file structure_21.pdb (PDB, C-alpha atoms, pLDDT in the B column)
ATOM      1  CA  MET O   1       4.815 -63.518 -33.629  1.00 61.00           C
ATOM      2  CA  VAL O   2       5.239 -67.001 -32.179  1.00 71.00           C
ATOM      3  CA  LEU O   3       8.513 -68.762 -32.824  1.00 79.00           C
ATOM      4  CA  THR O   4       8.426 -72.450 -33.718  1.00 80.00           C
ATOM      5  CA  ALA O   5      10.013 -75.263 -31.728  1.00 84.00           C
ATOM      6  CA  GLY O   6      12.768 -75.363 -34.358  1.00 85.00           C
ATOM      7  CA  ASP O   7      13.500 -71.688 -33.702  1.00 84.00           C
ATOM      8  CA  LEU O   8      13.632 -72.169 -29.933  1.00 84.00           C
ATOM      9  CA  ILE O   9      15.694 -75.300 -29.351  1.00 85.00           C
ATOM     10  CA  LEU O  10      19.464 -75.148 -29.172  1.00 87.00           C
ATOM     11  CA  PRO O  11      21.914 -77.351 -31.073  1.00 88.00           C
ATOM     12  CA  GLY O  12      22.189 -80.673 -29.263  1.00 86.00           C
ATOM     13  CA  GLU O  13      18.902 -80.203 -27.416  1.00 88.00           C
ATOM     14  CA  ILE O  14      16.199 -82.818 -27.899  1.00 89.00           C
ATOM     15  CA  LEU O  15      12.599 -81.766 -28.499  1.00 91.00           C
ATOM     16  CA  ILE O  16      10.335 -83.747 -26.162  1.00 90.00           C
ATOM     17  CA  GLY O  17       7.057 -82.088 -27.172  1.00 89.00           C
ATOM     18  CA  ASP O  18       5.295 -78.841 -27.958  1.00 90.00           C
ATOM     19  CA  TYR O  19       1.839 -77.944 -26.709  1.00 91.00           C
ATOM     20  CA  ASN O  20      -0.668 -75.146 -26.439  1.00 90.00           C
ATOM     21  CA  VAL O  21      -1.252 -74.439 -22.759  1.00 92.00           C
ATOM     22  CA  GLU O  22      -2.930 -71.693 -20.752  1.00 91.00           C
ATOM     23  CA  ILE O  23      -1.968 -69.985 -17.539  1.00 90.00           C
ATOM     24  CA  ALA O  24      -4.402 -71.142 -14.852  1.00 90.00           C
ATOM     25  CA  ARG O  25      -5.354 -68.560 -12.248  1.00 87.00           C
ATOM     26  CA  TRP O  26      -6.946 -69.416  -8.918  1.00 85.00           C
ATOM     27  CA  ARG O  27      -9.709 -66.939  -8.218  1.00 83.00           C
ATOM     28  CA  ASP O  28     -13.140 -67.114  -6.637  1.00 85.00           C
ATOM     29  CA  ARG O  29     -12.346 -70.641  -5.393  1.00 85.00           C
ATOM     30  CA  ARG O  30     -11.862 -72.074  -8.876  1.00 86.00           C
ATOM     31  CA  TRP O  31      -9.282 -72.294 -11.630  1.00 88.00           C
ATOM     32  CA  SER O  32      -9.796 -70.040 -14.643  1.00 85.00           C
ATOM     33  CA  PRO O  33      -7.742 -69.786 -17.857  1.00 85.00           C
ATOM     34  CA  THR O  34      -6.060 -66.732 -19.299  1.00 82.00           C
ATOM     35  CA  ILE O  35      -6.149 -65.717 -22.917  1.00 79.00           C
ATOM     36  CA  PRO O  36      -4.082 -65.748 -25.075  1.00 83.00           C
ATOM     37  CA  PRO O  37      -2.731 -69.266 -24.688  1.00 89.00           C
ATOM     38  CA  LEU O  38       0.969 -70.013 -24.464  1.00 90.00           C
ATOM     39  CA  TYR O  39       3.048 -72.095 -26.800  1.00 91.00           C
ATOM     40  CA  ALA O  40       5.037 -74.493 -24.584  1.00 91.00           C
ATOM     41  CA  VAL O  41       8.115 -76.257 -25.868  1.00 92.00           C
ATOM     42  CA  LEU O  42       9.559 -78.998 -23.688  1.00 91.00           C
ATOM     43  CA  THR O  43      13.122 -80.134 -24.398  1.00 91.00           C
ATOM     44  CA  ASP O  44      15.442 -82.435 -22.523  1.00 87.00           C
ATOM     45  CA  HIS O  45      16.829 -79.362 -20.686  1.00 87.00           C
ATOM     46  CA  ARG O  46      14.231 -76.577 -20.732  1.00 88.00           C
ATOM     47  CA  LEU O  47      10.577 -75.583 -20.660  1.00 91.00           C
ATOM     48  CA  ILE O  48       9.976 -72.630 -22.972  1.00 91.00           C
ATOM     49  CA  LEU O  49       6.764 -70.598 -22.638  1.00 90.00           C
ATOM     50  CA  GLN O  50       5.812 -68.076 -25.305  1.00 90.00           C
ATOM     51  CA  PRO O  51       2.528 -66.140 -25.504  1.00 86.00           C
ATOM     52  CA  HIS O  52       0.499 -66.418 -28.705  1.00 83.00           C
ATOM     53  CA  SER O  53       0.621 -62.765 -29.626  1.00 74.00           C
ATOM     54  CA  ARG O  54       1.130 -60.524 -32.610  1.00 73.00           C
ATOM     55  CA  ARG O  55       3.632 -58.613 -30.505  1.00 73.00           C
ATOM     56  CA  ASN O  56       7.217 -59.824 -30.498  1.00 73.00           C
ATOM     57  CA  LEU O  57       7.479 -61.092 -26.913  1.00 76.00           C
ATOM     58  CA  GLU O  58      10.546 -62.827 -25.546  1.00 81.00           C
ATOM     59  CA  PRO O  59       9.746 -66.347 -24.342  1.00 86.00           C
ATOM     60  CA  ALA O  60      10.247 -67.321 -20.709  1.00 88.00           C
ATOM     61  CA  ILE O  61      12.804 -70.119 -20.622  1.00 87.00           C
ATOM     62  CA  ILE O  62      12.846 -72.317 -17.542  1.00 88.00           C
ATOM     63  CA  PRO O  63      15.687 -74.807 -17.178  1.00 87.00           C
ATOM     64  CA  ILE O  64      14.309 -78.140 -15.942  1.00 86.00           C
ATOM     65  CA  SER O  65      16.789 -77.997 -13.039  1.00 84.00           C
ATOM     66  CA  TYR O  66      14.888 -74.928 -11.740  1.00 87.00           C
ATOM     67  CA  ILE O  67      11.643 -76.873 -11.346  1.00 88.00           C
ATOM     68  CA  GLU O  68      11.654 -77.921  -7.706  1.00 87.00           C
ATOM     69  CA  LYS O  69       8.421 -79.873  -7.844  1.00 88.00           C
ATOM     70  CA  PHE O  70       5.223 -80.173  -9.779  1.00 88.00           C
ATOM     71  CA  THR O  71       1.748 -81.290  -8.908  1.00 90.00           C
ATOM     72  CA  SER O  72      -1.182 -82.000 -11.147  1.00 90.00           C
ATOM     73  CA  PHE O  73      -4.677 -80.706 -10.538  1.00 91.00           C
ATOM     74  CA  GLN O  74      -8.088 -81.095 -12.065  1.00 88.00           C
ATOM     75  CA  SER O  75     -10.757 -78.460 -12.378  1.00 85.00           C
ATOM     76  CA  GLU O  76     -14.323 -79.215 -13.351  1.00 81.00           C
ATOM     77  CA  TYR O  77     -13.464 -79.995 -16.981  1.00 85.00           C
ATOM     78  CA  ARG O  78      -9.719 -79.533 -17.346  1.00 89.00           C
ATOM     79  CA  HIS O  79      -6.390 -80.816 -16.142  1.00 91.00           C
ATOM     80  CA  GLY O  80      -3.422 -78.768 -15.144  1.00 91.00           C
ATOM     81  CA  VAL O  81      -0.031 -78.719 -13.540  1.00 92.00           C
ATOM     82  CA  VAL O  82       1.497 -76.424 -10.927  1.00 92.00           C
ATOM     83  CA  LEU O  83       5.238 -75.909 -11.297  1.00 91.00           C
ATOM     84  CA  SER O  84       7.152 -74.702  -8.239  1.00 91.00           C
ATOM     85  CA  LEU O  85      10.492 -73.150  -9.129  1.00 90.00           C
ATOM     86  CA  ILE O  86      13.535 -72.887  -6.881  1.00 88.00           C
ATOM     87  CA  THR O  87      13.258 -69.087  -7.262  1.00 89.00           C
ATOM     88  CA  GLY O  88       9.950 -69.112  -5.357  1.00 90.00           C
ATOM     89  CA  HIS O  89       7.846 -68.576  -8.490  1.00 88.00           C
ATOM     90  CA  THR O  90       4.815 -70.790  -9.035  1.00 91.00           C
ATOM     91  CA  ILE O  91       3.388 -71.335 -12.506  1.00 90.00           C
ATOM     92  CA  SER O  92      -0.008 -72.979 -12.955  1.00 92.00           C
ATOM     93  CA  LEU O  93      -0.871 -74.233 -16.415  1.00 92.00           C
ATOM     94  CA  PHE O  94      -3.898 -75.854 -17.989  1.00 92.00           C
ATOM     95  CA  ILE O  95      -2.650 -78.647 -20.216  1.00 90.00           C
ATOM     96  CA  PRO O  96      -4.500 -80.323 -23.087  1.00 87.00           C
ATOM     97  CA  ASN O  97      -6.538 -83.248 -21.750  1.00 83.00           C
ATOM     98  CA  HIS O  98      -5.474 -85.476 -24.641  1.00 87.00           C
ATOM     99  CA  HIS O  99      -1.773 -84.858 -23.802  1.00 84.00           C
ATOM    100  CA  ARG O 100      -2.144 -84.963 -20.004  1.00 86.00           C
ATOM    101  CA  ALA O 101      -0.476 -88.329 -19.336  1.00 88.00           C
ATOM    102  CA  GLU O 102       2.308 -87.605 -21.832  1.00 88.00           C
ATOM    103  CA  ILE O 103       3.109 -84.173 -20.377  1.00 86.00           C
ATOM    104  CA  LEU O 104       3.091 -85.370 -16.770  1.00 86.00           C
ATOM    105  CA  ARG O 105       5.263 -88.381 -17.606  1.00 87.00           C
ATOM    106  CA  ASN O 106       7.739 -86.238 -19.558  1.00 86.00           C
ATOM    107  CA  ILE O 107       8.095 -83.595 -16.831  1.00 84.00           C
ATOM    108  CA  ASN O 108       8.513 -86.271 -14.178  1.00 82.00           C
ATOM    109  CA  THR O 109      11.141 -88.116 -16.238  1.00 82.00           C
ATOM    110  CA  LEU O 110      13.069 -84.921 -16.975  1.00 81.00           C
ATOM    111  CA  MET O 111      13.087 -83.891 -13.316  1.00 75.00           C
ATOM    112  CA  ILE O 112      14.819 -87.096 -12.143  1.00 66.00           C
ATOM    113  CA  PRO O 113      18.372 -85.959 -13.111  1.00 55.00           C
ATOM    114  CA  ALA O 114      17.743 -82.558 -11.472  1.00 50.00           C
ATOM    115  CA  GLN O 115      16.542 -84.269  -8.285  1.00 46.00           C
ATOM    116  CA  GLN O 116      19.677 -86.421  -8.285  1.00 46.00           C
ATOM    117  CA  GLY O 117      21.845 -83.316  -8.325  1.00 50.00           C
ATOM    118  CA  LYS O 118      22.879 -83.513 -11.969  1.00 48.00           C
ATOM    119  CA  LYS O 119      23.100 -79.910 -13.083  1.00 51.00           C
ATOM    120  CA  HIS O 120      23.179 -78.353 -16.518  1.00 54.00           C
ATOM    121  CA  ASN O 121      24.714 -75.007 -17.416  1.00 63.00           C
ATOM    122  CA  PHE O 122      21.367 -73.385 -18.198  1.00 67.00           C
ATOM    123  CA  ARG O 123      20.387 -70.365 -16.119  1.00 70.00           C
ATOM    124  CA  LEU O 124      16.931 -68.961 -15.564  1.00 68.00           C
ATOM    125  CA  ASN O 125      16.415 -65.508 -17.046  1.00 70.00           C
ATOM    126  CA  VAL O 126      14.299 -64.123 -14.209  1.00 73.00           C
ATOM    127  CA  ASP O 127      13.697 -60.879 -16.147  1.00 74.00           C
ATOM    128  CA  ALA O 128      12.089 -62.759 -19.059  1.00 73.00           C
ATOM    129  CA  LEU O 129       9.980 -64.783 -16.625  1.00 72.00           C
ATOM    130  CA  GLN O 130       8.897 -61.590 -14.864  1.00 73.00           C
ATOM    131  CA  ARG O 131       7.955 -59.993 -18.209  1.00 72.00           C
ATOM    132  CA  LEU O 132       5.736 -63.006 -18.944  1.00 71.00           C
ATOM    133  CA  ILE O 133       4.174 -62.721 -15.486  1.00 70.00           C
ATOM    134  CA  ASP O 134       3.583 -58.977 -15.979  1.00 71.00           C
ATOM    135  CA  TYR O 135       2.107 -59.588 -19.441  1.00 68.00           C
ATOM    136  CA  ILE O 136      -0.326 -62.191 -18.093  1.00 66.00           C
ATOM    137  CA  ALA O 137      -1.195 -60.039 -15.072  1.00 64.00           C
ATOM    138  CA  ALA O 138      -2.146 -57.155 -17.365  1.00 63.00           C
ATOM    139  CA  LEU O 139      -4.705 -59.254 -19.253  1.00 54.00           C
TER
END
call {"tool": "encode", "arguments": {"input": "structure_21.pdb", "output": "structure tokens"}}
result
Amino acid sequence: MVLTAGDLILPGEILIGDYNVEIARWRDRRWSPTIPPLYAVLTDHRLILQPHSRRNLEPAIIPISYIEKFTSFQSEYRHGVVLSLITGHTISLFIPNHHRAEILRNINTLMIPAQQGKKHNFRLNVDALQRLIDYIAAL
């Protein structure tokens, strides 16, 4: 069951956008998507990733301050972004082509306070992130 953006954002948090994205894996010298897609919710403080699944899976919640850097990439037909976290994790996502500029602009804008040392009280739940990684790896 996928929760909605309204279910996932906290009081006082601002919804920036919600998107369907896919984990992008690098294999055989090319990017390939995973199925099922993820429901991504971007707020002014967090990136929330939840698999589209009938199973009740806890979303991985990544505070924006944990994103150290991001780079965009392009495969043959698709665009994506690679997020490097301060924990050493790297998350590669295919993003919808029609939302590409919006997503990249929003992530870049949200990262500016984090790069300037302005911290929020959000913590990364590494266990939830690892469960998402394990779930995707098992596909």
call {"tool": "resolve_selection", "arguments": {"input": "structure_21.pdb", "expression": "the PyMOL selection byres ((chain O and resi 96) around 10)", "output": "compact mmCIF listing (two decimals) with C-alpha atoms, in the coordinates of the input"}}
result
# COMPACT_ATOMS: atom_id res chain seq x y z
CA TYR O 19 1.84 -77.94 -26.71
CA ASN O 20 -0.67 -75.15 -26.44
CA VAL O 21 -1.25 -74.44 -22.76
CA GLU O 22 -2.93 -71.69 -20.75
CA ARG O 78 -9.72 -79.53 -17.35
CA HIS O 79 -6.39 -80.82 -16.14
CA GLY O 80 -3.42 -78.77 -15.14
CA LEU O 93 -0.87 -74.23 -16.42
CA PHE O 94 -3.90 -75.85 -17.99
CA ILE O 95 -2.65 -78.65 -20.22
CA ASN O 97 -6.54 -83.25 -21.75
CA HIS O 98 -5.47 -85.48 -24.64
CA HIS O 99 -1.77 -84.86 -23.80
CA ARG O 100 -2.14 -84.96 -20.00
CA ALA O 101 -0.48 -88.33 -19.34
CA ILE O 103 3.11 -84.17 -20.38
call {"tool": "atom_distance", "arguments": {"input": "structure_21.pdb", "atom1": "CA of Thr43 (chain O)", "atom2": "CA of Ile9 (chain O)"}}
result
7.4 Å
call {"tool": "closest_residue", "arguments": {"input": "structure_21.pdb", "among": "O:Asp134, O:Ile16, O:Ala60, O:Trp26", "to": "Thr109 (chain O)", "atoms": "only C-alpha atoms"}}
result
O:Ile16
call {"tool": "axis_aligned_box", "arguments": {"input": "structure_21.pdb", "around": "region 63-80 of chain O", "padding_each_side": "8 Å", "output": "lines of an AutoDock Vina configuration file"}}
result
center_x = 1.2
center_y = -78.4
center_z = -12.5
size_x = 47.1
size_y = 23.2
size_z = 25.6
call {"tool": "resolve_selection", "arguments": {"input": "structure_21.pdb", "expression": "the PyMOL selection byres ((chain O and resi 131) around 12)", "output": "count of residues only"}}
result
21
call {"tool": "closest_residue", "arguments": {"input": "structure_21.pdb", "among": "O:His52, O:Thr87, O:Arg105, O:Asp44", "to": "Thr71 (chain O)", "atoms": "only C-alpha atoms"}}
result
O:Arg105
